[in-house]
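Here the structure comes first, spelled out in structure tokens, and everything after it is commentary.
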Amino acid sequence: MLRWFLVSLLSLTVLLLALFGAGWIWIDHRDLAAFATPRLEKKLGRTVHIGALHVHPGAWLTIDADDISVANIASGTRPQMMTLGHLGAQIRLTSLIWGPPEARNIVISKFSGLFERTPAHLPNWRFGPHQNEPRAPLTPEEQAKADTPPDLGNAPGLRNATILDSDVTYRSANGASYRTTLEKVTFASTSDSSPFTMTLTGAYNDTPVSISAEMEPINDLRKTPARPYATTAHVTSGDMTSDFTGTLTDPVNFEGVEGHTTVTTPTSDTLFSVAGIKGDHAPVKLTLSGDFSHSGDDWHFTKAHGTIQTSTMESGDFTLIEGSHGKPDDVTAKTGFERLDINGLMPILAPSGAKGSKKGPSTLHADLLLLTPPDPDPLVHFELTARQLIYNTLDFSNLRIKGAQTPNRIEIPLLRLDYIGASLSADGRIEADGTSSRVSADVALTHGDIDRLRRVAGLAPVPVKGSLNFRITASSKNVHTLNEAISRADMTAAVSMEKGEIAKEIVEAASMDLRLLFRHAKGVTPITCLLGVLQMHQGIGTVIPLRLRTGAGTIAAKANFDLRRKWLDLVFASRPFSTSFFALDVPVRVSGPFDAPTLSLAKWSKVGRDMLADSNAVTNLPPALQGFAASNACARPTR
């Protein structure tokens, strides 16, 4: 009986070994493409093609596959979502039993993947029986489940892998494409407890990129997301270098990223190229560093500092919230500069081919584009401060500005800065006006010292001392740049002085005081009030009223001017009963070019008489200026 049992057991063992050997030989020589194709098609709900699939048994199971493709969704932009020229890999046979899997000698070549959203925002990476049907937005519970990082506790051990001649493209619903070319990518580790390294040479949207990274061992990768996975990376592209040191809680999807990053480039050519800015731009030297984080739809770059050209950034906080369901992204930027030089930033702010944008020794002429796109993406909210601001030849201090870009509109609710001791505040808006823009603004300037203002303007000394206050309402239509808006502005402005002084001889000369024939008036007299109201249309304007009231007399004037022709017509006269007994109160007219006007008596011409009559008229002011002017004593007509 025992002998029979042993013979039967030996026979069964021989039979099993024979069957295993036959199966081994059969698998080793069998093309499994026909076996695998229908199963993949059923799983994915797509047409799948496998040219050849071979499995070679051994201590290391060898897999070879060629000519693989997975069809795109019906509304996709190309027939195949993915194609693969060749896949080769070896998997340790015992690791498939005891786990985790261990792989080596992985080679992927000529892979091409297109991940896109259709115009109806349907993603092509959704598989299954209902992949072509629109889906309702996820509930908070479903979204939380979808955002849960994958469990990498059984992540395979990877000894070495290579990707060759491949590319991955993401195409958004609005048709924008972002293509990453993978010329050669390698992954390597000597064991699951040794550092895991990666090198990459390729391109992003045709811009060459090289990356080298050293990561923690794969054993640590399996502990995510409970324990963040540390990595350091070095990126080079042209003359740009970038370094990142930080952690990820979901390395597979580049989620839960936190770390410190730096970017350095002497020309910014790479950044222009990645941003899709074409043409020949002047070099922009850039050095920035800060803390970078990414989780879900939120991207942050905080505690940023560095230099951009000759501008020095002390603090920066940038947030990008990705839009969902066809909505635009939303960017919030808060930056603080020690020195902000707009002239130096013109290679960034000026379009290709604009004045001052090309390479060369010529001096940049700063002029900002006023663009109001109908569907901006992203929407932008910004707050900017600068201790010093340089724009063309102007040098400002203590800048603070807030703004927002929304469809067809840019709103500037706050603008404050100081200039040669004066404080300026404004609010304004830029609105779409066909293919151009419409600009409007309200401006207030206080404590404008007359002597400092006239020196900046290049004027000769004036015998008046004191500080001026301005209120301005301005608008421009059919404009494209800031300088164009300023030069073509329609403007109403009021200027006021409530404390100051003027040389007595000026008042007596204006009133034609006979005592000047026998003596030279000395000293100054206080200015009781000064009020001027300017109305200008594209460089042509009128100042009316223009009144100056002092202890020695009151002067009323009217002026017409043309800034383009540099032409002036001014009538002034002292008001009767405000001057001394010896004053003749003869009106005077000054007319002609700025640099060579002629002097005459105002009453000698009809134009002069009409201007003289207007000089004491009450001007209708816009509501924004009425309160400002009404509080000035000179707003009341003189006798």
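Residues in the structure tokens are numbered from 1 in each chain, the chains being A, B, ... in the order shown, and ligands are numbered from 1 in the order shown.
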Restrict the calculation to only C-alpha atoms, then for each residue of region 71-189 of chain A with any atom at most 6 Å from an atom of region 44-56 of chain A give the closest atom pair and their distance in Å to one decimal, rows by chain and rising residue number, as a Markdown table.
```
| residue | atom | partner | partner_atom | distance |
| --- | --- | --- | --- | --- |
| A:Ala71 | CA | A:Thr47 | CA | 5.3 |
| A:Phe127 | CA | A:Leu44 | CA | 5.2 |
| A:Gly128 | CA | A:Gly45 | CA | 5.0 |
| A:Pro129 | CA | A:Gly45 | CA | 5.9 |
```
Since we have the selection now, will you write its residues out, keeping C-alpha atoms, as a CSV table (one decimal), in the first residue's frame?
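Done, and the output landed in part_38.csv:
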```
chain,number,residue,atom,x,y,z
A,71,ALA,CA,-8.0,54.8,-29.2
A,127,PHE,CA,-12.4,55.2,-19.3
A,128,GLY,CA,-15.4,52.8,-19.0
A,129,PRO,CA,-18.9,52.5,-20.4
```
**Prompt:** Could you work out how far CA of Leu286 (chain A) lies from CA of Met240 (chain A), giving the answer in Å with one decimal?
**Reply:**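 That distance, rounded to one decimal, is 9.2 Å.
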**Prompt:** When DSSP works through the backbone of this structure, what residues of region 303-439 of chain A end up as strand (DSSP E or B), shown as a PyMOL selection string?
**Reply:** chain A and resi 303-308+311-321+330-341+369+379-391+394-406+409-419+422-433+436-439
Restricting the output to C-alpha atoms, write the selected residues as a PDB file, in the first residue's frame.
```pdb
ATOM      1  CA  LYS A 303       8.308  84.824   0.580  1.00  0.00           C
ATOM      2  CA  ALA A 304       9.742  85.606  -2.844  1.00  0.00           C
ATOM      3  CA  HIS A 305      12.677  87.979  -3.128  1.00  0.00           C
ATOM      4  CA  GLY A 306      15.368  88.820  -5.663  1.00  0.00           C
ATOM      5  CA  THR A 307      16.060  91.120  -8.591  1.00  0.00           C
ATOM      6  CA  ILE A 308      14.463  91.687 -11.989  1.00  0.00           C
ATOM      7  CA  SER A 311      14.420  96.324  -9.784  1.00  0.00           C
ATOM      8  CA  THR A 312      14.742  94.804  -6.315  1.00  0.00           C
ATOM      9  CA  MET A 313      11.876  92.728  -4.929  1.00  0.00           C
ATOM     10  CA  GLU A 314      11.796  92.516  -1.139  1.00  0.00           C
ATOM     11  CA  SER A 315       8.663  90.405  -0.778  1.00  0.00           C
ATOM     12  CA  GLY A 316       6.319  88.533  -3.060  1.00  0.00           C
ATOM     13  CA  ASP A 317       3.280  86.339  -2.523  1.00  0.00           C
ATOM     14  CA  PHE A 318       1.733  84.767  -5.630  1.00  0.00           C
ATOM     15  CA  THR A 319      -1.304  82.475  -5.675  1.00  0.00           C
ATOM     16  CA  LEU A 320      -2.805  80.629  -8.661  1.00  0.00           C
ATOM     17  CA  ILE A 321      -6.195  78.955  -8.293  1.00  0.00           C
ATOM     18  CA  ASP A 330      -7.443  83.220 -10.780  1.00  0.00           C
ATOM     19  CA  VAL A 331      -4.113  84.835  -9.866  1.00  0.00           C
ATOM     20  CA  THR A 332      -3.492  86.987  -6.791  1.00  0.00           C
ATOM     21  CA  ALA A 333      -0.152  88.781  -6.521  1.00  0.00           C
ATOM     22  CA  LYS A 334       1.153  90.871  -3.624  1.00  0.00           C
ATOM     23  CA  THR A 335       4.640  92.271  -4.177  1.00  0.00           C
ATOM     24  CA  GLY A 336       6.862  94.740  -2.403  1.00  0.00           C
ATOM     25  CA  PHE A 337       9.824  96.372  -4.152  1.00  0.00           C
ATOM     26  CA  GLU A 338      12.656  98.348  -2.666  1.00  0.00           C
ATOM     27  CA  ARG A 339      13.252  99.794  -6.171  1.00  0.00           C
ATOM     28  CA  LEU A 340      10.923  99.343  -9.133  1.00  0.00           C
ATOM     29  CA  ASP A 341      12.401 100.547 -12.429  1.00  0.00           C
ATOM     30  CA  LEU A 369       0.121  98.643 -22.889  1.00  0.00           C
ATOM     31  CA  LEU A 379      -8.183  86.762 -13.865  1.00  0.00           C
ATOM     32  CA  VAL A 380      -5.663  88.884 -11.965  1.00  0.00           C
ATOM     33  CA  HIS A 381      -5.861  90.679  -8.619  1.00  0.00           C
ATOM     34  CA  PHE A 382      -2.734  92.498  -7.545  1.00  0.00           C
ATOM     35  CA  GLU A 383      -1.323  94.758  -4.860  1.00  0.00           C
ATOM     36  CA  LEU A 384       2.083  96.340  -5.354  1.00  0.00           C
ATOM     37  CA  THR A 385       4.223  98.581  -3.177  1.00  0.00           C
ATOM     38  CA  ALA A 386       7.591 100.182  -3.897  1.00  0.00           C
ATOM     39  CA  ARG A 387       9.803 102.477  -1.912  1.00  0.00           C
ATOM     40  CA  GLN A 388      11.121 103.936  -5.177  1.00  0.00           C
ATOM     41  CA  LEU A 389       9.442 103.929  -8.605  1.00  0.00           C
ATOM     42  CA  ILE A 390      11.210 105.060 -11.790  1.00  0.00           C
ATOM     43  CA  TYR A 391       9.163 105.727 -14.940  1.00  0.00           C
ATOM     44  CA  LEU A 394      10.241 110.579 -13.235  1.00  0.00           C
ATOM     45  CA  ASP A 395      11.344 109.354  -9.818  1.00  0.00           C
ATOM     46  CA  PHE A 396       8.532 108.589  -7.345  1.00  0.00           C
ATOM     47  CA  SER A 397       8.536 107.170  -3.815  1.00  0.00           C
ATOM     48  CA  ASN A 398       6.204 105.253  -1.496  1.00  0.00           C
ATOM     49  CA  LEU A 399       4.103 103.664  -4.249  1.00  0.00           C
ATOM     50  CA  ARG A 400       1.051 101.595  -3.380  1.00  0.00           C
ATOM     51  CA  ILE A 401      -1.351 100.331  -6.019  1.00  0.00           C
ATOM     52  CA  LYS A 402      -4.224  97.847  -6.042  1.00  0.00           C
ATOM     53  CA  GLY A 403      -5.927  96.534  -9.145  1.00  0.00           C
ATOM     54  CA  ALA A 404      -7.923  93.750 -10.757  1.00  0.00           C
ATOM     55  CA  GLN A 405      -8.351  92.486 -14.314  1.00  0.00           C
ATOM     56  CA  THR A 406     -11.788  91.158 -15.178  1.00  0.00           C
ATOM     57  CA  ARG A 409     -12.026  95.882 -17.675  1.00  0.00           C
ATOM     58  CA  ILE A 410      -9.090  96.718 -15.420  1.00  0.00           C
ATOM     59  CA  GLU A 411     -10.038  98.434 -12.176  1.00  0.00           C
ATOM     60  CA  ILE A 412      -7.520 100.492 -10.147  1.00  0.00           C
ATOM     61  CA  PRO A 413      -9.325 101.409  -6.893  1.00  0.00           C
ATOM     62  CA  LEU A 414      -6.169 102.680  -5.204  1.00  0.00           C
ATOM     63  CA  LEU A 415      -3.004 104.414  -6.388  1.00  0.00           C
ATOM     64  CA  ARG A 416      -0.823 106.390  -4.000  1.00  0.00           C
ATOM     65  CA  LEU A 417       2.690 107.760  -4.354  1.00  0.00           C
ATOM     66  CA  ASP A 418       4.885 110.697  -3.389  1.00  0.00           C
ATOM     67  CA  TYR A 419       6.687 112.994  -5.813  1.00  0.00           C
ATOM     68  CA  ALA A 422       3.847 116.121  -2.929  1.00  0.00           C
ATOM     69  CA  SER A 423       1.402 113.285  -2.236  1.00  0.00           C
ATOM     70  CA  LEU A 424      -0.658 111.886  -5.115  1.00  0.00           C
ATOM     71  CA  SER A 425      -3.654 109.576  -4.842  1.00  0.00           C
ATOM     72  CA  ALA A 426      -5.878 108.332  -7.640  1.00  0.00           C
ATOM     73  CA  ASP A 427      -8.381 105.751  -8.743  1.00  0.00           C
ATOM     74  CA  GLY A 428      -9.185 104.777 -12.297  1.00  0.00           C
ATOM     75  CA  ARG A 429     -10.367 102.176 -14.723  1.00  0.00           C
ATOM     76  CA  ILE A 430      -9.492 100.851 -18.170  1.00  0.00           C
ATOM     77  CA  GLU A 431     -12.402  99.541 -20.234  1.00  0.00           C
ATOM     78  CA  ALA A 432     -12.664  97.883 -23.615  1.00  0.00           C
ATOM     79  CA  ASP A 433     -13.447 100.313 -26.438  1.00  0.00           C
ATOM     80  CA  SER A 436      -8.698  99.821 -28.190  1.00  0.00           C
ATOM     81  CA  SER A 437      -9.333 101.024 -24.636  1.00  0.00           C
ATOM     82  CA  ARG A 438     -11.147 103.781 -22.780  1.00  0.00           C
ATOM     83  CA  VAL A 439      -9.422 105.199 -19.686  1.00  0.00           C
TER      84      VAL A 439
END
```
Show me, as a compact mmCIF listing (two decimals) with C-alpha atoms, in the first residue's frame, the residues that have an atom within 6 Å of Lys558 (chain A) when counting only C-alpha atoms, minus same-chain residues fewer than 2 positions from it.
```
# COMPACT_ATOMS: atom_id res chain seq x y z
CA VAL A 543 -7.77 128.04 -17.57
CA ILE A 544 -10.79 129.87 -16.18
CA LEU A 570 -3.26 135.00 -21.40
CA VAL A 571 -5.28 137.98 -20.15
CA SER A 615 -11.98 135.97 -16.45
```
**Message:** I need the alpha helix (DSSP H) residues of region 42-265 of chain A per DSSP on the backbone, written as a list in words.
**Reply:**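 Reading the DSSP output for region 42-265 of chain A, alpha helix (DSSP H) covers Lys42, Lys43, Leu44, Ser95, Leu96, Ile97, Trp98, Pro140, Glu141, Glu142, Gln143, Ala144, Lys145, Ala146, Ile218, Asn219, Asp220 and Leu221 of chain A.
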Go ahead and dump the residues you just picked, C-alpha atoms, as a PDB file, in the first residue's frame.
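Once everything was written out, this is selection.pdb:
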```pdb
ATOM      1  CA  LYS A  42     -13.367  45.451 -22.261  1.00  0.00           C
ATOM      2  CA  LYS A  43     -11.608  47.094 -19.340  1.00  0.00           C
ATOM      3  CA  LEU A  44     -11.027  50.471 -21.040  1.00  0.00           C
ATOM      4  CA  SER A  95       8.262  39.386  -5.882  1.00  0.00           C
ATOM      5  CA  LEU A  96       4.921  38.789  -7.625  1.00  0.00           C
ATOM      6  CA  ILE A  97       4.162  36.227  -4.899  1.00  0.00           C
ATOM      7  CA  TRP A  98       5.638  37.795  -1.792  1.00  0.00           C
ATOM      8  CA  PRO A 140     -17.793  67.477  -1.792  1.00  0.00           C
ATOM      9  CA  GLU A 141     -17.555  63.861  -0.632  1.00  0.00           C
ATOM     10  CA  GLU A 142     -16.762  62.614  -4.156  1.00  0.00           C
ATOM     11  CA  GLN A 143     -14.226  65.400  -4.660  1.00  0.00           C
ATOM     12  CA  ALA A 144     -12.538  64.585  -1.346  1.00  0.00           C
ATOM     13  CA  LYS A 145     -12.325  60.933  -2.381  1.00  0.00           C
ATOM     14  CA  ALA A 146     -10.922  61.877  -5.800  1.00  0.00           C
ATOM     15  CA  ILE A 218      11.608  53.696  -2.482  1.00  0.00           C
ATOM     16  CA  ASN A 219      10.990  52.356   1.029  1.00  0.00           C
ATOM     17  CA  ASP A 220      10.244  55.965   2.047  1.00  0.00           C
ATOM     18  CA  LEU A 221       8.046  56.449  -1.026  1.00  0.00           C
TER      19      LEU A 221
END
```
**Prompt:** So how far away is CA of Pro228 (chain A) from CA of Asp298 (chain A), in Å?
**Reply:**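 CA of Asp298 (chain A) sits 18.0 Å away from CA of Pro228 (chain A).
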**Message:** Need to verify the contact set: Leu182 (chain A), 10 Å, only C-alpha atoms, exclusion of same-chain residues closer than 2 positions in sequence. Can you return it as a list in words?
**Reply:**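 Listing them by chain and then by number gives Ser109, Lys110, Phe111, Ser112, Ile163, Leu164, Asp165, Ser166, Asp167, Val168, Arg179, Thr180, Lys184, Val185, Leu200, Thr201, Gly202, Ala203, Tyr204, Val209 and Ser210 of chain A.
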Those same residues - N, CA and C atoms - I'd like them written as a PDB file, in the first residue's frame.
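Result went into selection.pdb, see below:
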```pdb
ATOM      1  N   SER A 109      10.029  53.070 -25.399  1.00  0.00           N
ATOM      2  CA  SER A 109      10.481  53.901 -26.517  1.00  0.00           C
ATOM      3  C   SER A 109       9.316  54.253 -27.426  1.00  0.00           C
ATOM      4  N   LYS A 110       9.412  55.451 -27.953  1.00  0.00           N
ATOM      5  CA  LYS A 110       8.422  55.980 -28.903  1.00  0.00           C
ATOM      6  C   LYS A 110       7.005  55.933 -28.327  1.00  0.00           C
ATOM      7  N   PHE A 111       6.887  56.412 -27.077  1.00  0.00           N
ATOM      8  CA  PHE A 111       5.564  56.583 -26.484  1.00  0.00           C
ATOM      9  C   PHE A 111       5.056  57.982 -26.817  1.00  0.00           C
ATOM     10  N   SER A 112       3.782  58.077 -27.177  1.00  0.00           N
ATOM     11  CA  SER A 112       3.149  59.373 -27.431  1.00  0.00           C
ATOM     12  C   SER A 112       1.782  59.374 -26.767  1.00  0.00           C
ATOM     13  N   ILE A 163      13.269  55.810 -20.624  1.00  0.00           N
ATOM     14  CA  ILE A 163      12.243  56.241 -21.588  1.00  0.00           C
ATOM     15  C   ILE A 163      12.958  56.982 -22.713  1.00  0.00           C
ATOM     16  N   LEU A 164      12.688  56.591 -23.958  1.00  0.00           N
ATOM     17  CA  LEU A 164      13.397  57.153 -25.106  1.00  0.00           C
ATOM     18  C   LEU A 164      12.407  57.679 -26.145  1.00  0.00           C
ATOM     19  N   ASP A 165      12.775  58.771 -26.790  1.00  0.00           N
ATOM     20  CA  ASP A 165      12.049  59.292 -27.962  1.00  0.00           C
ATOM     21  C   ASP A 165      10.539  59.307 -27.746  1.00  0.00           C
ATOM     22  N   SER A 166      10.098  59.922 -26.668  1.00  0.00           N
ATOM     23  CA  SER A 166       8.678  59.926 -26.332  1.00  0.00           C
ATOM     24  C   SER A 166       8.181  61.346 -26.131  1.00  0.00           C
ATOM     25  N   ASP A 167       6.879  61.492 -26.012  1.00  0.00           N
ATOM     26  CA  ASP A 167       6.294  62.819 -25.768  1.00  0.00           C
ATOM     27  C   ASP A 167       4.941  62.670 -25.093  1.00  0.00           C
ATOM     28  N   VAL A 168       4.605  63.695 -24.314  1.00  0.00           N
ATOM     29  CA  VAL A 168       3.314  63.766 -23.636  1.00  0.00           C
ATOM     30  C   VAL A 168       2.752  65.159 -23.882  1.00  0.00           C
ATOM     31  N   ARG A 179       3.251  70.664 -24.743  1.00  0.00           N
ATOM     32  CA  ARG A 179       3.899  69.417 -25.155  1.00  0.00           C
ATOM     33  C   ARG A 179       5.238  69.247 -24.462  1.00  0.00           C
ATOM     34  N   THR A 180       5.404  68.096 -23.834  1.00  0.00           N
ATOM     35  CA  THR A 180       6.668  67.740 -23.198  1.00  0.00           C
ATOM     36  C   THR A 180       7.324  66.635 -24.005  1.00  0.00           C
ATOM     37  N   LYS A 184      15.290  61.508 -23.451  1.00  0.00           N
ATOM     38  CA  LYS A 184      15.796  60.392 -22.658  1.00  0.00           C
ATOM     39  C   LYS A 184      15.539  60.670 -21.190  1.00  0.00           C
ATOM     40  N   VAL A 185      14.907  59.688 -20.524  1.00  0.00           N
ATOM     41  CA  VAL A 185      14.643  59.768 -19.097  1.00  0.00           C
ATOM     42  C   VAL A 185      15.142  58.474 -18.453  1.00  0.00           C
ATOM     43  N   LEU A 200      16.630  63.660 -16.824  1.00  0.00           N
ATOM     44  CA  LEU A 200      15.733  63.889 -17.961  1.00  0.00           C
ATOM     45  C   LEU A 200      16.378  64.880 -18.915  1.00  0.00           C
ATOM     46  N   THR A 201      16.351  64.568 -20.178  1.00  0.00           N
ATOM     47  CA  THR A 201      16.677  65.519 -21.242  1.00  0.00           C
ATOM     48  C   THR A 201      15.511  65.529 -22.214  1.00  0.00           C
ATOM     49  N   GLY A 202      15.024  66.706 -22.522  1.00  0.00           N
ATOM     50  CA  GLY A 202      13.869  66.813 -23.402  1.00  0.00           C
ATOM     51  C   GLY A 202      13.548  68.254 -23.674  1.00  0.00           C
ATOM     52  N   ALA A 203      12.270  68.560 -23.787  1.00  0.00           N
ATOM     53  CA  ALA A 203      11.854  69.924 -24.103  1.00  0.00           C
ATOM     54  C   ALA A 203      10.426  70.127 -23.642  1.00  0.00           C
ATOM     55  N   TYR A 204      10.100  71.383 -23.349  1.00  0.00           N
ATOM     56  CA  TYR A 204       8.727  71.778 -23.041  1.00  0.00           C
ATOM     57  C   TYR A 204       8.321  72.827 -24.056  1.00  0.00           C
ATOM     58  N   VAL A 209      15.018  71.314 -22.065  1.00  0.00           N
ATOM     59  CA  VAL A 209      15.039  71.237 -20.609  1.00  0.00           C
ATOM     60  C   VAL A 209      15.843  70.013 -20.182  1.00  0.00           C
ATOM     61  N   SER A 210      16.656  70.186 -19.143  1.00  0.00           N
ATOM     62  CA  SER A 210      17.361  69.063 -18.522  1.00  0.00           C
ATOM     63  C   SER A 210      17.082  69.092 -17.026  1.00  0.00           C
TER      64      SER A 210
END
```
**Request:** One decimal, Å: what's the distance from CA of Phe292 (chain A) over to CA of Thr261 (chain A), could you say?
**Result:**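 Separating CA of Phe292 (chain A) from CA of Thr261 (chain A) is a distance of 6.5 Å.
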**Item:** Selection near Gly259 (chain A), 8 Å with only C-alpha atoms, sequence-local residues under 6 positions removed, as a count of residues only
**Value:** 7
**Asked** If we count only C-alpha atoms, what is near Thr262 (chain A) at a cut-off of 6 Å, once residues fewer than 2 positions away on the same chain are taken out, given as a PyMOL selection string?
**Response** chain A and resi 242-243+288-289
